$ cat model_23.pdb   # PDB, C-alpha atoms, pLDDT in the B column
ATOM      1  CA  MET A   1      31.388-128.127  96.192  1.00 82.00           C
ATOM      2  CA  LYS A   2      32.066-129.825  92.909  1.00 89.00           C
ATOM      3  CA  ILE A   3      29.659-129.792  89.961  1.00 87.00           C
ATOM      4  CA  ASN A   4      29.815-133.082  88.131  1.00 93.00           C
ATOM      5  CA  ASN A   5      28.358-134.298  84.851  1.00 93.00           C
ATOM      6  CA  LYS A   6      25.268-135.819  86.512  1.00 94.00           C
ATOM      7  CA  ASP A   7      24.331-132.473  88.094  1.00 94.00           C
ATOM      8  CA  LEU A   8      24.659-130.707  84.765  1.00 95.00           C
ATOM      9  CA  LYS A   9      22.479-133.270  82.984  1.00 96.00           C
ATOM     10  CA  ILE A  10      19.751-132.995  85.635  1.00 96.00           C
ATOM     11  CA  PHE A  11      19.816-129.190  85.404  1.00 97.00           C
ATOM     12  CA  VAL A  12      19.535-129.195  81.590  1.00 97.00           C
ATOM     13  CA  LEU A  13      16.776-131.819  81.676  1.00 98.00           C
ATOM     14  CA  GLY A  14      14.834-129.719  84.202  1.00 97.00           C
ATOM     15  CA  MET A  15      15.155-126.592  82.072  1.00 98.00           C
ATOM     16  CA  VAL A  16      13.968-128.460  78.965  1.00 98.00           C
ATOM     17  CA  ALA A  17      11.022-129.906  80.909  1.00 97.00           C
ATOM     18  CA  LEU A  18      10.004-126.469  82.207  1.00 97.00           C
ATOM     19  CA  PHE A  19      10.281-124.945  78.730  1.00 95.00           C
ATOM     20  CA  THR A  20       8.162-127.754  77.250  1.00 96.00           C
ATOM     21  CA  ILE A  21       5.473-127.492  79.926  1.00 96.00           C
ATOM     22  CA  GLN A  22       5.276-123.711  79.574  1.00 94.00           C
ATOM     23  CA  THR A  23       5.080-123.942  75.781  1.00 94.00           C
ATOM     24  CA  VAL A  24       2.276-126.516  75.854  1.00 95.00           C
ATOM     25  CA  TYR A  25       0.365-124.696  78.596  1.00 96.00           C
ATOM     26  CA  ASP A  26       0.425-121.284  76.885  1.00 95.00           C
ATOM     27  CA  TRP A  27       0.608-122.327  73.218  1.00 94.00           C
ATOM     28  CA  LYS A  28      -1.588-119.494  71.912  1.00 94.00           C
ATOM     29  CA  GLN A  29       0.733-116.795  73.305  1.00 94.00           C
ATOM     30  CA  VAL A  30       3.864-118.665  72.211  1.00 93.00           C
ATOM     31  CA  LYS A  31       2.513-118.936  68.668  1.00 94.00           C
ATOM     32  CA  GLU A  32       1.737-115.197  68.581  1.00 95.00           C
ATOM     33  CA  ASP A  33       5.205-114.331  69.910  1.00 93.00           C
ATOM     34  CA  ILE A  34       6.937-116.542  67.339  1.00 93.00           C
ATOM     35  CA  THR A  35       4.897-115.005  64.509  1.00 95.00           C
ATOM     36  CA  ARG A  36       5.570-111.450  65.734  1.00 94.00           C
ATOM     37  CA  GLY A  37       9.288-112.169  66.068  1.00 91.00           C
ATOM     38  CA  TRP A  38       9.466-113.711  62.603  1.00 91.00           C
ATOM     39  CA  ASN A  39       7.680-110.748  61.029  1.00 90.00           C
ATOM     40  CA  ASP A  40       9.754-108.169  62.918  1.00 89.00           C
ATOM     41  CA  GLY A  41      12.959-109.930  61.914  1.00 86.00           C
ATOM     42  CA  SER A  42      12.062-110.220  58.250  1.00 82.00           C
ATOM     43  CA  ASN A  43      10.886-106.585  58.095  1.00 78.00           C
ATOM     44  CA  GLN A  44      14.119-105.414  59.714  1.00 76.00           C
ATOM     45  CA  SER A  45      16.372-107.301  57.289  1.00 62.00           C
ATOM     46  CA  ILE A  46      14.711-105.642  54.282  1.00 60.00           C
ATOM     47  CA  LYS A  47      15.530-102.115  55.446  1.00 55.00           C
TER
END
$ encode --input "model_23.pdb" --output "structure tokens"
Amino acid sequence: MKINNKDLKIFVLGMVALFTIQTVYDWKQVKEDITRGWNDGSNQSIK
């Protein structure tokens, strides 16, 4: 079985679509996770 360029594009497009749908559907949790990650990262770089 050979993986061609078309298969790769469809796979990437599907992953982007799933990520977008999940982000929109659960925006409150995504926003909290981004904020927590940002704060944890900035606190860690100071030490």
$ atom_distance --input "model_23.pdb" --atom1 "CA of Gly37 in chain A" --atom2 "CA of Val12 in chain A"
25.2 Å
$ atom_distance --input "model_23.pdb" --atom1 "CA of Asn43 in chain A" --atom2 "CA of Lys28 in chain A"
22.7 Å
$ axis_aligned_box --input "model_23.pdb" --around "range 16-21 of chain A" --padding-each-side "5 Å" --output "AutoDock Vina command-line options"
--center_x 9.7 --center_y -127.4 --center_z 79.7 --size_x 18.5 --size_y 15.0 --size_z 15.0
$ atom_distance --input "model_23.pdb" --atom1 "CA of Thr35 in chain A" --atom2 "CA of Leu18 in chain A"
21.7 Å
